[in-house]
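Okay, structure_35.csv now, which holds CSV, C-alpha atoms (C1' of nucleotides):
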```csv
chain,number,residue,atom,x,y,z
A,6,MET,CA,171.4,151.2,-5.8
A,7,ALA,CA,171.8,147.5,-6.6
A,8,GLU,CA,168.8,147.8,-9.0
A,9,VAL,CA,170.8,150.3,-11.0
A,10,TYR,CA,173.7,147.8,-11.5
A,11,ARG,CA,171.2,145.2,-12.5
A,12,ALA,CA,169.5,147.5,-15.0
A,13,LEU,CA,172.8,148.4,-16.6
A,14,ALA,CA,174.0,144.8,-16.9
A,15,ASP,CA,171.8,144.1,-19.9
A,16,PRO,CA,172.8,145.4,-23.3
A,17,THR,CA,169.3,145.9,-24.5
A,18,ARG,CA,168.5,148.1,-21.5
A,19,ARG,CA,171.7,150.1,-22.1
A,20,LYS,CA,170.6,150.7,-25.6
A,21,ILE,CA,167.2,151.9,-24.4
A,22,LEU,CA,168.9,154.3,-22.1
A,23,GLN,CA,171.0,155.6,-25.0
A,24,LEU,CA,167.9,156.2,-27.0
A,25,LEU,CA,166.2,158.1,-24.2
A,26,ARG,CA,169.3,160.2,-23.9
A,27,GLU,CA,168.3,162.1,-27.0
A,28,ARG,CA,164.7,162.6,-26.2
A,29,GLU,CA,161.8,161.0,-24.4
A,30,MET,CA,159.9,158.3,-26.4
A,31,SER,CA,156.8,156.2,-26.2
A,32,ALA,CA,157.1,152.5,-25.5
A,33,GLY,CA,156.1,151.6,-29.1
A,34,GLU,CA,158.6,154.0,-30.5
A,35,ILE,CA,161.4,152.5,-28.5
A,36,ALA,CA,160.3,149.0,-29.5
A,37,SER,CA,160.5,150.0,-33.2
A,38,HIS,CA,164.3,150.3,-32.7
A,39,PHE,CA,164.6,146.7,-31.8
A,40,ALA,CA,163.9,143.3,-33.4
A,41,LEU,CA,162.4,142.1,-30.1
A,42,ALA,CA,158.8,141.5,-29.3
A,43,LYS,CA,156.9,144.2,-27.4
A,44,PRO,CA,156.3,142.1,-24.3
A,45,THR,CA,160.1,141.5,-24.1
A,46,LEU,CA,160.7,145.3,-24.2
A,47,SER,CA,157.9,145.8,-21.7
A,48,GLY,CA,159.8,143.6,-19.3
A,49,HIS,CA,162.9,145.7,-19.8
A,50,PHE,CA,160.9,148.8,-19.1
A,51,ALA,CA,159.8,147.3,-15.8
A,52,VAL,CA,163.3,146.7,-14.8
A,53,LEU,CA,164.4,150.2,-15.7
A,54,ARG,CA,161.4,151.7,-13.9
A,55,GLU,CA,162.3,149.7,-10.7
A,56,SER,CA,165.8,151.1,-10.9
A,57,ARG,CA,164.4,154.6,-11.2
A,58,LEU,CA,166.7,155.1,-14.2
A,59,VAL,CA,163.6,156.0,-16.3
A,60,ALA,CA,160.3,157.6,-15.4
A,61,SER,CA,157.1,156.9,-17.2
A,62,GLU,CA,154.2,159.2,-17.9
A,63,LYS,CA,150.9,157.9,-19.2
A,64,SER,CA,149.0,160.2,-21.6
A,65,GLY,CA,146.0,158.5,-23.1
A,66,ALA,CA,146.9,155.1,-24.4
A,67,THR,CA,150.5,155.8,-24.9
A,68,ILE,CA,153.2,155.7,-22.2
A,69,THR,CA,156.1,158.0,-22.5
A,70,TYR,CA,159.5,157.1,-21.0
A,71,ARG,CA,162.2,159.6,-20.2
A,72,LEU,CA,165.7,159.2,-18.8
A,73,ASN,CA,166.1,160.0,-15.1
A,74,VAL,CA,169.6,161.5,-15.4
A,75,SER,CA,170.0,162.2,-11.7
A,76,VAL,CA,169.6,158.6,-10.7
A,77,LEU,CA,172.4,157.6,-13.1
A,78,GLU,CA,174.5,160.5,-12.0
A,79,GLU,CA,174.1,159.6,-8.3
A,80,ALA,CA,174.9,156.0,-8.9
A,81,LEU,CA,178.1,156.8,-10.8
A,82,LEU,CA,179.2,159.4,-8.3
A,83,ALA,CA,178.6,156.9,-5.4
A,84,LEU,CA,180.6,154.3,-7.3
A,85,MET,CA,183.5,156.8,-7.9
A,86,GLU,CA,183.4,157.9,-4.3
A,87,GLY,CA,183.5,154.3,-3.1
A,88,PHE,CA,186.6,153.7,-5.0
A,89,ARG,CA,188.1,157.1,-4.4
A,90,LEU,CA,188.3,158.0,-8.0
A,91,GLY,CA,188.7,161.6,-8.8
A,92,GLU,CA,191.2,162.1,-6.0
A,93,SER,CA,194.8,163.0,-6.6
A,94,LYS,CA,197.4,160.5,-5.7
A,95,GLU,CA,198.7,162.8,-2.9
A,96,THR,CA,195.4,163.0,-1.1
A,97,ARG,CA,194.6,159.3,-1.7
A,98,LYS,CA,196.3,158.5,1.7
B,15,MET,CA,183.2,147.1,-21.7
B,16,ALA,CA,180.2,144.9,-21.3
B,17,GLU,CA,182.2,142.6,-19.1
B,18,VAL,CA,182.6,145.4,-16.6
B,19,TYR,CA,178.8,145.9,-16.3
B,20,ARG,CA,178.4,142.2,-15.9
B,21,ALA,CA,181.1,142.0,-13.2
B,22,LEU,CA,179.5,144.9,-11.3
B,23,ALA,CA,176.0,143.4,-11.5
B,24,ASP,CA,176.7,140.8,-8.7
B,25,PRO,CA,176.8,142.0,-5.1
B,26,THR,CA,179.4,139.5,-4.0
B,27,ARG,CA,181.7,140.8,-6.7
B,28,ARG,CA,181.1,144.3,-5.7
B,29,LYS,CA,182.0,143.4,-2.2
B,30,ILE,CA,185.2,141.8,-3.4
B,31,LEU,CA,186.1,145.0,-5.2
B,32,GLN,CA,185.5,147.0,-2.1
B,33,LEU,CA,187.8,144.7,-0.2
B,34,LEU,CA,190.5,145.2,-2.7
B,35,ARG,CA,190.1,148.9,-2.6
B,36,GLU,CA,192.0,148.9,0.7
B,37,ARG,CA,194.8,146.6,-0.3
B,38,GLU,CA,195.6,143.6,-2.4
B,39,MET,CA,194.7,140.3,-1.0
B,40,SER,CA,195.2,136.6,-1.7
B,41,ALA,CA,192.3,134.5,-2.9
B,42,GLY,CA,192.1,132.7,0.4
B,43,GLU,CA,192.2,135.9,2.4
B,44,ILE,CA,189.3,137.3,0.3
B,45,ALA,CA,187.4,134.1,0.7
B,46,SER,CA,187.7,134.4,4.5
B,47,HIS,CA,185.5,137.4,4.4
B,48,PHE,CA,182.6,135.5,2.9
B,49,ALA,CA,180.4,132.6,4.0
B,50,LEU,CA,180.8,131.1,0.5
B,51,ALA,CA,182.8,128.1,-0.6
B,52,LYS,CA,186.1,128.7,-2.2
B,53,PRO,CA,185.2,127.3,-5.6
B,54,THR,CA,182.3,129.8,-5.7
B,55,LEU,CA,184.7,132.7,-5.0
B,56,SER,CA,187.1,131.3,-7.5
B,57,GLY,CA,184.3,131.7,-10.1
B,58,HIS,CA,183.8,135.3,-9.1
B,59,PHE,CA,187.5,135.9,-9.5
B,60,ALA,CA,187.4,134.6,-13.0
B,61,VAL,CA,184.6,137.0,-13.9
B,62,LEU,CA,186.5,139.9,-12.4
B,63,ARG,CA,189.6,138.9,-14.2
B,64,GLU,CA,187.8,138.7,-17.5
B,65,SER,CA,186.5,142.2,-17.0
B,66,ARG,CA,190.0,143.3,-16.2
B,67,LEU,CA,188.7,145.0,-13.1
B,68,VAL,CA,191.2,143.0,-11.1
B,69,ALA,CA,194.7,141.7,-11.9
B,70,SER,CA,196.2,138.6,-10.4
B,71,GLU,CA,199.8,137.7,-9.7
B,72,LYS,CA,201.0,134.3,-8.7
B,73,SER,CA,203.7,133.9,-6.2
B,74,GLY,CA,204.3,130.4,-5.1
B,75,ALA,CA,201.1,128.7,-4.3
B,76,THR,CA,199.2,131.8,-3.5
B,77,ILE,CA,197.5,134.1,-6.0
B,78,THR,CA,197.3,137.8,-5.1
B,79,TYR,CA,194.5,139.9,-6.5
B,80,ARG,CA,194.6,143.7,-6.8
B,81,LEU,CA,192.1,146.2,-8.0
B,82,ASN,CA,192.7,147.6,-11.5
B,83,VAL,CA,191.4,151.1,-10.8
B,84,SER,CA,192.0,152.4,-14.3
B,85,VAL,CA,189.6,150.0,-15.9
B,86,LEU,CA,186.8,151.0,-13.5
B,87,GLU,CA,187.7,154.6,-14.0
B,88,GLU,CA,187.6,154.3,-17.8
B,89,ALA,CA,184.3,152.5,-17.7
B,90,LEU,CA,182.7,155.1,-15.6
B,91,LEU,CA,184.0,157.9,-17.6
B,92,ALA,CA,182.8,156.3,-20.8
B,93,LEU,CA,179.4,155.9,-19.3
B,94,MET,CA,179.3,159.5,-18.1
B,95,GLU,CA,180.4,160.7,-21.5
B,96,GLY,CA,177.8,158.6,-23.2
B,97,PHE,CA,175.1,160.3,-21.1
B,98,ARG,CA,176.7,163.7,-21.2
B,99,LEU,CA,177.0,163.9,-17.5
B,100,GLY,CA,179.3,166.5,-16.2
B,101,GLU,CA,178.3,169.0,-18.8
B,102,SER,CA,176.5,172.2,-18.0
B,103,LYS,CA,173.0,172.7,-19.4
B,104,GLU,CA,174.2,175.5,-21.7
B,105,THR,CA,176.7,173.3,-23.5
B,106,ARG,CA,174.5,170.3,-23.6
B,107,LYS,CA,173.5,171.0,-27.2
C,19,DT,C1',209.5,112.1,-3.5
C,20,DC,C1',206.0,112.7,-0.1
C,21,DG,C1',202.7,115.6,2.5
C,22,DG,C1',200.4,119.9,3.2
C,23,DT,C1',198.6,124.1,1.7
C,24,DA,C1',196.5,127.2,-1.9
C,25,DT,C1',193.7,127.6,-5.7
C,26,DT,C1',191.2,126.2,-9.7
C,27,DT,C1',188.5,122.9,-12.6
C,28,DT,C1',184.8,119.7,-13.1
C,29,DG,C1',180.2,118.2,-12.7
C,30,DC,C1',176.1,118.9,-10.8
C,31,DT,C1',171.5,121.4,-9.0
C,32,DA,C1',168.4,125.2,-8.0
C,33,DG,C1',167.1,129.7,-9.0
C,34,DT,C1',167.0,133.7,-12.2
C,35,DT,C1',166.4,135.9,-16.6
C,36,DA,C1',165.3,137.0,-21.4
C,37,DG,C1',162.7,135.7,-24.9
C,38,DC,C1',158.1,134.5,-27.2
C,39,DG,C1',152.8,134.3,-28.4
C,40,DA,C1',148.4,134.8,-26.6
C,41,DA,C1',145.4,137.1,-23.7
C,42,DA,C1',144.1,140.9,-20.8
C,43,DT,C1',143.8,145.8,-19.7
C,44,DA,C1',143.3,150.7,-20.8
C,45,DC,C1',142.1,154.5,-23.5
C,46,DG,C1',139.9,157.5,-27.1
C,47,DG,C1',136.9,158.1,-31.0
C,48,DA,C1',132.8,156.9,-33.7
D,20,DT,C1',128.9,150.7,-26.4
D,21,DC,C1',132.0,149.0,-29.8
D,22,DC,C1',136.4,149.2,-32.3
D,23,DG,C1',141.2,150.0,-32.9
D,24,DT,C1',145.5,151.1,-30.9
D,25,DA,C1',149.0,150.9,-27.2
D,26,DT,C1',150.9,148.5,-23.6
D,27,DT,C1',151.2,145.2,-20.1
D,28,DT,C1',150.4,140.6,-17.8
D,29,DC,C1',150.5,135.6,-18.1
D,30,DG,C1',152.3,131.2,-18.9
D,31,DC,C1',155.8,129.0,-20.9
D,32,DT,C1',160.8,127.5,-22.5
D,33,DA,C1',165.8,127.9,-23.2
D,34,DA,C1',169.9,129.8,-21.6
D,35,DC,C1',172.6,131.5,-18.0
D,36,DT,C1',174.3,132.0,-13.2
D,37,DA,C1',175.6,131.1,-8.5
D,38,DG,C1',176.1,127.8,-5.4
D,39,DC,C1',178.3,123.3,-3.7
D,40,DA,C1',181.4,119.0,-3.0
D,41,DA,C1',184.9,116.4,-4.9
D,42,DA,C1',188.8,116.0,-7.7
D,43,DA,C1',192.7,118.0,-10.0
D,44,DT,C1',196.6,121.1,-10.3
D,45,DA,C1',200.5,123.7,-8.5
D,46,DC,C1',203.9,124.9,-5.3
D,47,DC,C1',207.0,124.4,-1.3
D,48,DG,C1',209.4,122.3,2.5
D,49,DA,C1',211.1,118.1,4.7
```

Take the structure in this file and express it as structure tokens.
Amino acid sequence: MAEVYRALADPTRRKILQLLREREMSAGEIASHFALAKPTLSGHFAVLRESRLVASEKSGATITYRLNVSVLEEALLALMEGFRLGESKETRK
Amino acid sequence: MAEVYRALADPTRRKILQLLREREMSAGEIASHFALAKPTLSGHFAVLRESRLVASEKSGATITYRLNVSVLEEALLALMEGFRLGESKETRK
DNA sequence: TCGGTATTTTGCTAGTTAGCGAAATACGGA
DNA sequence: TCCGTATTTCGCTAACTAGCAAAATACCGA
């Protein structure tokens, strides 16, 4: 779970996730949205993969990334539960 | 909002937030839960204050920190909204 | 005003991270 | 097998971060 926080901490990675929200994209297509070098983006992909926030699928020479919504969802729910968000004041103890 | 992600990225700071979930505590009391030097914790407090995740109140020589739940709540809701979590598949576009 | 307690600020070091260019790897088509 | 495209790995640097001890600041009681 700590990997998810780490992944979310970087603005470039958050932007990548936002892009993948619309549809899955190849590494090169994602890179075209940034003014960063491809090796730099590749490093971000690695962090996102480690966190399981994105999944990758290789098809020929191109690698397609897609958002793994359930991981994000679970992380946020765990956080909310940890802080007892979403409970009414009456039941909060 | 980026400050919230940054604040959450560090495990020590997450532990501090968990402590404050139960009740507000003084800086020294928080520090007693860690094997870290007080100046180190003081730095973490500063990051948490910047993110508005905690609020501080000075009373005499002691400073009391308390969790600012609404900031965390808003950050998580914004994130969920950004990724369209909590919507059914039918309404998702 | 002096002494003690609580906390932060300062100045430093070691480890981590994001960025780059160049080289390496992997694949598909000719 | 050779070439071109897609992507990652490698080696490096600059910037950032977490950690510490020591000093500074702030407050209160005697």

Output as JSON lines one row per residue of chain A within 9 Å of chain B: the closest atom pair and its distance in Å to one decimal place, counting only C-alpha atoms, sorted by chain and residue number ascending.
```
{"residue": "A:Ala7", "atom": "CA", "partner": "B:Pro25", "partner_atom": "CA", "distance": 7.6}
{"residue": "A:Glu8", "atom": "CA", "partner": "B:Ala23", "partner_atom": "CA", "distance": 8.8}
{"residue": "A:Val9", "atom": "CA", "partner": "B:Ala23", "partner_atom": "CA", "distance": 8.7}
{"residue": "A:Tyr10", "atom": "CA", "partner": "B:Ala23", "partner_atom": "CA", "distance": 5.0}
{"residue": "A:Arg11", "atom": "CA", "partner": "B:Ala23", "partner_atom": "CA", "distance": 5.2}
{"residue": "A:Ala12", "atom": "CA", "partner": "B:Ala23", "partner_atom": "CA", "distance": 8.4}
{"residue": "A:Leu13", "atom": "CA", "partner": "B:Tyr19", "partner_atom": "CA", "distance": 6.5}
{"residue": "A:Ala14", "atom": "CA", "partner": "B:Tyr19", "partner_atom": "CA", "distance": 5.0}
{"residue": "A:Asp15", "atom": "CA", "partner": "B:Arg20", "partner_atom": "CA", "distance": 7.9}
{"residue": "A:Pro16", "atom": "CA", "partner": "B:Ala16", "partner_atom": "CA", "distance": 7.7}
{"residue": "A:Leu22", "atom": "CA", "partner": "B:Phe97", "partner_atom": "CA", "distance": 8.7}
{"residue": "A:Gln23", "atom": "CA", "partner": "B:Phe97", "partner_atom": "CA", "distance": 7.4}
{"residue": "A:Arg26", "atom": "CA", "partner": "B:Phe97", "partner_atom": "CA", "distance": 6.4}
{"residue": "A:Val74", "atom": "CA", "partner": "B:Phe97", "partner_atom": "CA", "distance": 8.0}
{"residue": "A:Leu77", "atom": "CA", "partner": "B:Met94", "partner_atom": "CA", "distance": 8.7}
{"residue": "A:Glu78", "atom": "CA", "partner": "B:Leu99", "partner_atom": "CA", "distance": 6.9}
{"residue": "A:Leu81", "atom": "CA", "partner": "B:Leu90", "partner_atom": "CA", "distance": 6.9}
{"residue": "A:Leu84", "atom": "CA", "partner": "B:Leu90", "partner_atom": "CA", "distance": 8.6}
{"residue": "A:Met85", "atom": "CA", "partner": "B:Glu87", "partner_atom": "CA", "distance": 7.7}
{"residue": "A:Gly87", "atom": "CA", "partner": "B:Gln32", "partner_atom": "CA", "distance": 7.6}
{"residue": "A:Phe88", "atom": "CA", "partner": "B:Arg35", "partner_atom": "CA", "distance": 6.4}
{"residue": "A:Arg89", "atom": "CA", "partner": "B:Arg35", "partner_atom": "CA", "distance": 8.6}
{"residue": "A:Leu90", "atom": "CA", "partner": "B:Glu87", "partner_atom": "CA", "distance": 6.9}
{"residue": "A:Gly91", "atom": "CA", "partner": "B:Glu87", "partner_atom": "CA", "distance": 8.8}
```

Could I get chain B fitted onto chain A (least squares, all C-alpha atoms, in order) as a PDB file with C-alpha atoms, keeping the file's coordinate frame?
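Writing the result to result_26.pdb gives the following:
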```pdb
ATOM      1  CA  MET B  15     171.458 151.144  -5.810  1.00  0.00           C
ATOM      2  CA  ALA B  16     171.812 147.531  -6.715  1.00  0.00           C
ATOM      3  CA  GLU B  17     168.893 147.849  -9.062  1.00  0.00           C
ATOM      4  CA  VAL B  18     170.868 150.319 -11.123  1.00  0.00           C
ATOM      5  CA  TYR B  19     173.767 147.844 -11.618  1.00  0.00           C
ATOM      6  CA  ARG B  20     171.282 145.203 -12.545  1.00  0.00           C
ATOM      7  CA  ALA B  21     169.502 147.477 -15.051  1.00  0.00           C
ATOM      8  CA  LEU B  22     172.838 148.431 -16.646  1.00  0.00           C
ATOM      9  CA  ALA B  23     174.013 144.812 -16.898  1.00  0.00           C
ATOM     10  CA  ASP B  24     171.761 144.048 -19.970  1.00  0.00           C
ATOM     11  CA  PRO B  25     172.797 145.413 -23.357  1.00  0.00           C
ATOM     12  CA  THR B  26     169.270 145.894 -24.602  1.00  0.00           C
ATOM     13  CA  ARG B  27     168.574 148.073 -21.596  1.00  0.00           C
ATOM     14  CA  ARG B  28     171.648 150.035 -22.150  1.00  0.00           C
ATOM     15  CA  LYS B  29     170.577 150.623 -25.668  1.00  0.00           C
ATOM     16  CA  ILE B  30     167.199 151.809 -24.476  1.00  0.00           C
ATOM     17  CA  LEU B  31     168.900 154.300 -22.198  1.00  0.00           C
ATOM     18  CA  GLN B  32     170.969 155.589 -25.032  1.00  0.00           C
ATOM     19  CA  LEU B  33     167.835 156.089 -27.061  1.00  0.00           C
ATOM     20  CA  LEU B  34     166.287 158.077 -24.333  1.00  0.00           C
ATOM     21  CA  ARG B  35     169.328 160.190 -23.957  1.00  0.00           C
ATOM     22  CA  GLU B  36     168.260 162.081 -27.085  1.00  0.00           C
ATOM     23  CA  ARG B  37     164.633 162.542 -26.213  1.00  0.00           C
ATOM     24  CA  GLU B  38     161.739 160.897 -24.490  1.00  0.00           C
ATOM     25  CA  MET B  39     159.940 158.283 -26.386  1.00  0.00           C
ATOM     26  CA  SER B  40     156.799 156.159 -26.163  1.00  0.00           C
ATOM     27  CA  ALA B  41     157.072 152.457 -25.466  1.00  0.00           C
ATOM     28  CA  GLY B  42     156.042 151.611 -28.986  1.00  0.00           C
ATOM     29  CA  GLU B  43     158.486 154.045 -30.520  1.00  0.00           C
ATOM     30  CA  ILE B  44     161.330 152.484 -28.457  1.00  0.00           C
ATOM     31  CA  ALA B  45     160.210 149.046 -29.421  1.00  0.00           C
ATOM     32  CA  SER B  46     160.451 150.005 -33.114  1.00  0.00           C
ATOM     33  CA  HIS B  47     164.144 150.290 -32.761  1.00  0.00           C
ATOM     34  CA  PHE B  48     164.551 146.676 -31.741  1.00  0.00           C
ATOM     35  CA  ALA B  49     163.892 143.307 -33.377  1.00  0.00           C
ATOM     36  CA  LEU B  50     162.307 142.136 -30.094  1.00  0.00           C
ATOM     37  CA  ALA B  51     158.678 141.530 -29.275  1.00  0.00           C
ATOM     38  CA  LYS B  52     156.859 144.160 -27.381  1.00  0.00           C
ATOM     39  CA  PRO B  53     156.213 142.095 -24.275  1.00  0.00           C
ATOM     40  CA  THR B  54     159.994 141.532 -24.039  1.00  0.00           C
ATOM     41  CA  LEU B  55     160.622 145.307 -24.168  1.00  0.00           C
ATOM     42  CA  SER B  56     157.848 145.839 -21.720  1.00  0.00           C
ATOM     43  CA  GLY B  57     159.849 143.634 -19.292  1.00  0.00           C
ATOM     44  CA  HIS B  58     162.932 145.736 -19.825  1.00  0.00           C
ATOM     45  CA  PHE B  59     160.917 148.836 -19.089  1.00  0.00           C
ATOM     46  CA  ALA B  60     159.812 147.420 -15.814  1.00  0.00           C
ATOM     47  CA  VAL B  61     163.407 146.754 -14.795  1.00  0.00           C
ATOM     48  CA  LEU B  62     164.410 150.268 -15.749  1.00  0.00           C
ATOM     49  CA  ARG B  63     161.513 151.682 -13.889  1.00  0.00           C
ATOM     50  CA  GLU B  64     162.366 149.737 -10.781  1.00  0.00           C
ATOM     51  CA  SER B  65     165.874 151.105 -10.890  1.00  0.00           C
ATOM     52  CA  ARG B  66     164.433 154.550 -11.286  1.00  0.00           C
ATOM     53  CA  LEU B  67     166.739 155.121 -14.209  1.00  0.00           C
ATOM     54  CA  VAL B  68     163.703 155.978 -16.283  1.00  0.00           C
ATOM     55  CA  ALA B  69     160.374 157.640 -15.424  1.00  0.00           C
ATOM     56  CA  SER B  70     157.147 156.965 -17.223  1.00  0.00           C
ATOM     57  CA  GLU B  71     154.136 159.174 -17.785  1.00  0.00           C
ATOM     58  CA  LYS B  72     150.853 158.010 -19.152  1.00  0.00           C
ATOM     59  CA  SER B  73     148.912 160.125 -21.487  1.00  0.00           C
ATOM     60  CA  GLY B  74     145.956 158.462 -23.009  1.00  0.00           C
ATOM     61  CA  ALA B  75     146.840 155.080 -24.255  1.00  0.00           C
ATOM     62  CA  THR B  76     150.461 155.782 -24.757  1.00  0.00           C
ATOM     63  CA  ILE B  77     153.166 155.646 -22.092  1.00  0.00           C
ATOM     64  CA  THR B  78     156.120 158.024 -22.492  1.00  0.00           C
ATOM     65  CA  TYR B  79     159.462 157.092 -21.019  1.00  0.00           C
ATOM     66  CA  ARG B  80     162.226 159.587 -20.198  1.00  0.00           C
ATOM     67  CA  LEU B  81     165.681 159.167 -18.848  1.00  0.00           C
ATOM     68  CA  ASN B  82     166.137 160.026 -15.156  1.00  0.00           C
ATOM     69  CA  VAL B  83     169.656 161.422 -15.463  1.00  0.00           C
ATOM     70  CA  SER B  84     170.037 162.216 -11.785  1.00  0.00           C
ATOM     71  CA  VAL B  85     169.733 158.637 -10.699  1.00  0.00           C
ATOM     72  CA  LEU B  86     172.465 157.532 -13.130  1.00  0.00           C
ATOM     73  CA  GLU B  87     174.540 160.468 -12.083  1.00  0.00           C
ATOM     74  CA  GLU B  88     174.167 159.658  -8.376  1.00  0.00           C
ATOM     75  CA  ALA B  89     175.002 156.037  -8.951  1.00  0.00           C
ATOM     76  CA  LEU B  90     178.124 156.825 -10.785  1.00  0.00           C
ATOM     77  CA  LEU B  91     179.251 159.328  -8.336  1.00  0.00           C
ATOM     78  CA  ALA B  92     178.664 156.938  -5.476  1.00  0.00           C
ATOM     79  CA  LEU B  93     180.693 154.349  -7.251  1.00  0.00           C
ATOM     80  CA  MET B  94     183.524 156.779  -7.953  1.00  0.00           C
ATOM     81  CA  GLU B  95     183.505 157.896  -4.353  1.00  0.00           C
ATOM     82  CA  GLY B  96     183.552 154.348  -3.141  1.00  0.00           C
ATOM     83  CA  PHE B  97     186.726 153.729  -5.174  1.00  0.00           C
ATOM     84  CA  ARG B  98     188.211 157.116  -4.501  1.00  0.00           C
ATOM     85  CA  LEU B  99     188.372 157.996  -8.109  1.00  0.00           C
ATOM     86  CA  GLY B 100     188.875 161.587  -8.878  1.00  0.00           C
ATOM     87  CA  GLU B 101     191.261 162.090  -6.039  1.00  0.00           C
ATOM     88  CA  SER B 102     194.891 162.932  -6.520  1.00  0.00           C
ATOM     89  CA  LYS B 103     197.497 160.439  -5.314  1.00  0.00           C
ATOM     90  CA  GLU B 104     198.673 162.825  -2.576  1.00  0.00           C
ATOM     91  CA  THR B 105     195.273 163.012  -0.921  1.00  0.00           C
ATOM     92  CA  ARG B 106     194.472 159.408  -1.385  1.00  0.00           C
ATOM     93  CA  LYS B 107     195.454 158.601   2.198  1.00  0.00           C
TER      94      LYS B 107
END
```

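What separates CA of Gly65 (chain A) from C1' of DC45 (chain C) is a distance of 5.6 Å.
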
CA of Leu55 (chain B) to CA of Ala69 (chain B), straight-line distance in Å: 15.1 Å

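For chain D, the residues within 7 Å of chain B are D:DG38, D:DA45, D:DC46, with only C-alpha atoms (C1' of nucleotides) used to measure distance.
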
Dump as a CSV table (one decimal), keeping the file's coordinate frame, selection limited to C-alpha atoms (C1' of nucleotides):
```
chain,number,residue,atom,x,y,z
D,38,DG,C1',176.1,127.8,-5.4
D,45,DA,C1',200.5,123.7,-8.5
D,46,DC,C1',203.9,124.9,-5.3
```

Residues of chain C within 8 Å of chain A, all atoms listed in the file counted, as a ChimeraX atom specification: /C:36-38,44-46

Residues near DA42 (chain C), cut-off 12 Å, only C-alpha atoms (C1' of nucleotides), skip fewer than 6 positions along chain, as JSON, numbers by chain: {"D": [26, 27, 28, 29]}

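Compared by their closest atoms to Leu33 (chain B), and using only C-alpha atoms, the residues B:Val85, B:Arg80, B:Glu95, B:Arg63 rank with B:Arg80 nearest.
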
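Picture a line from C1' of DA37 (chain D) to C1' of DC30 (chain C); it runs 12.4 Å.
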
12 Å contact set for DT44 (chain D), all atoms listed in the file, chain neighbours under 5 positions out, as a ChimeraX atom specification: /B:75 /C:24-27

Where atoms are absent from region 9-21 of chain A, fill them in so it carries N, CA and C atoms, then output it as a PDB file, keeping the file's coordinate frame.
```
ATOM      1  N   VAL A   9     170.193 149.585  -9.923  1.00  0.00           N
ATOM      2  CA  VAL A   9     170.800 150.300 -11.000  1.00  0.00           C
ATOM      3  C   VAL A   9     171.855 149.437 -11.723  1.00  0.00           C
ATOM      4  N   TYR A  10     172.660 148.736 -10.943  1.00  0.00           N
ATOM      5  CA  TYR A  10     173.700 147.800 -11.500  1.00  0.00           C
ATOM      6  C   TYR A  10     172.976 146.765 -12.350  1.00  0.00           C
ATOM      7  N   ARG A  11     171.927 146.199 -11.775  1.00  0.00           N
ATOM      8  CA  ARG A  11     171.200 145.200 -12.500  1.00  0.00           C
ATOM      9  C   ARG A  11     170.640 145.679 -13.795  1.00  0.00           C
ATOM     10  N   ALA A  12     170.097 146.883 -13.757  1.00  0.00           N
ATOM     11  CA  ALA A  12     169.500 147.500 -15.000  1.00  0.00           C
ATOM     12  C   ALA A  12     170.595 147.685 -16.029  1.00  0.00           C
ATOM     13  N   LEU A  13     171.748 148.105 -15.614  1.00  0.00           N
ATOM     14  CA  LEU A  13     172.800 148.400 -16.600  1.00  0.00           C
ATOM     15  C   LEU A  13     173.476 147.146 -17.122  1.00  0.00           C
ATOM     16  N   ALA A  14     173.248 146.024 -16.478  1.00  0.00           N
ATOM     17  CA  ALA A  14     174.000 144.800 -16.900  1.00  0.00           C
ATOM     18  C   ALA A  14     173.482 144.257 -18.215  1.00  0.00           C
ATOM     19  N   ASP A  15     172.300 144.629 -18.659  1.00  0.00           N
ATOM     20  CA  ASP A  15     171.800 144.100 -19.900  1.00  0.00           C
ATOM     21  C   ASP A  15     171.975 145.026 -21.076  1.00  0.00           C
ATOM     22  N   PRO A  16     172.537 144.531 -22.179  1.00  0.00           N
ATOM     23  CA  PRO A  16     172.800 145.400 -23.300  1.00  0.00           C
ATOM     24  C   PRO A  16     171.611 146.042 -23.939  1.00  0.00           C
ATOM     25  N   THR A  17     170.508 145.313 -23.984  1.00  0.00           N
ATOM     26  CA  THR A  17     169.300 145.900 -24.500  1.00  0.00           C
ATOM     27  C   THR A  17     168.856 147.109 -23.705  1.00  0.00           C
ATOM     28  N   ARG A  18     168.936 146.954 -22.391  1.00  0.00           N
ATOM     29  CA  ARG A  18     168.500 148.100 -21.500  1.00  0.00           C
ATOM     30  C   ARG A  18     169.490 149.247 -21.677  1.00  0.00           C
ATOM     31  N   ARG A  19     170.761 148.969 -21.850  1.00  0.00           N
ATOM     32  CA  ARG A  19     171.700 150.100 -22.100  1.00  0.00           C
ATOM     33  C   ARG A  19     171.360 150.826 -23.343  1.00  0.00           C
ATOM     34  N   LYS A  20     170.957 150.052 -24.356  1.00  0.00           N
ATOM     35  CA  LYS A  20     170.600 150.700 -25.600  1.00  0.00           C
ATOM     36  C   LYS A  20     169.347 151.550 -25.466  1.00  0.00           C
ATOM     37  N   ILE A  21     168.408 151.067 -24.707  1.00  0.00           N
ATOM     38  CA  ILE A  21     167.200 151.900 -24.400  1.00  0.00           C
ATOM     39  C   ILE A  21     167.579 153.175 -23.765  1.00  0.00           C
TER      40      ILE A  21
END
```
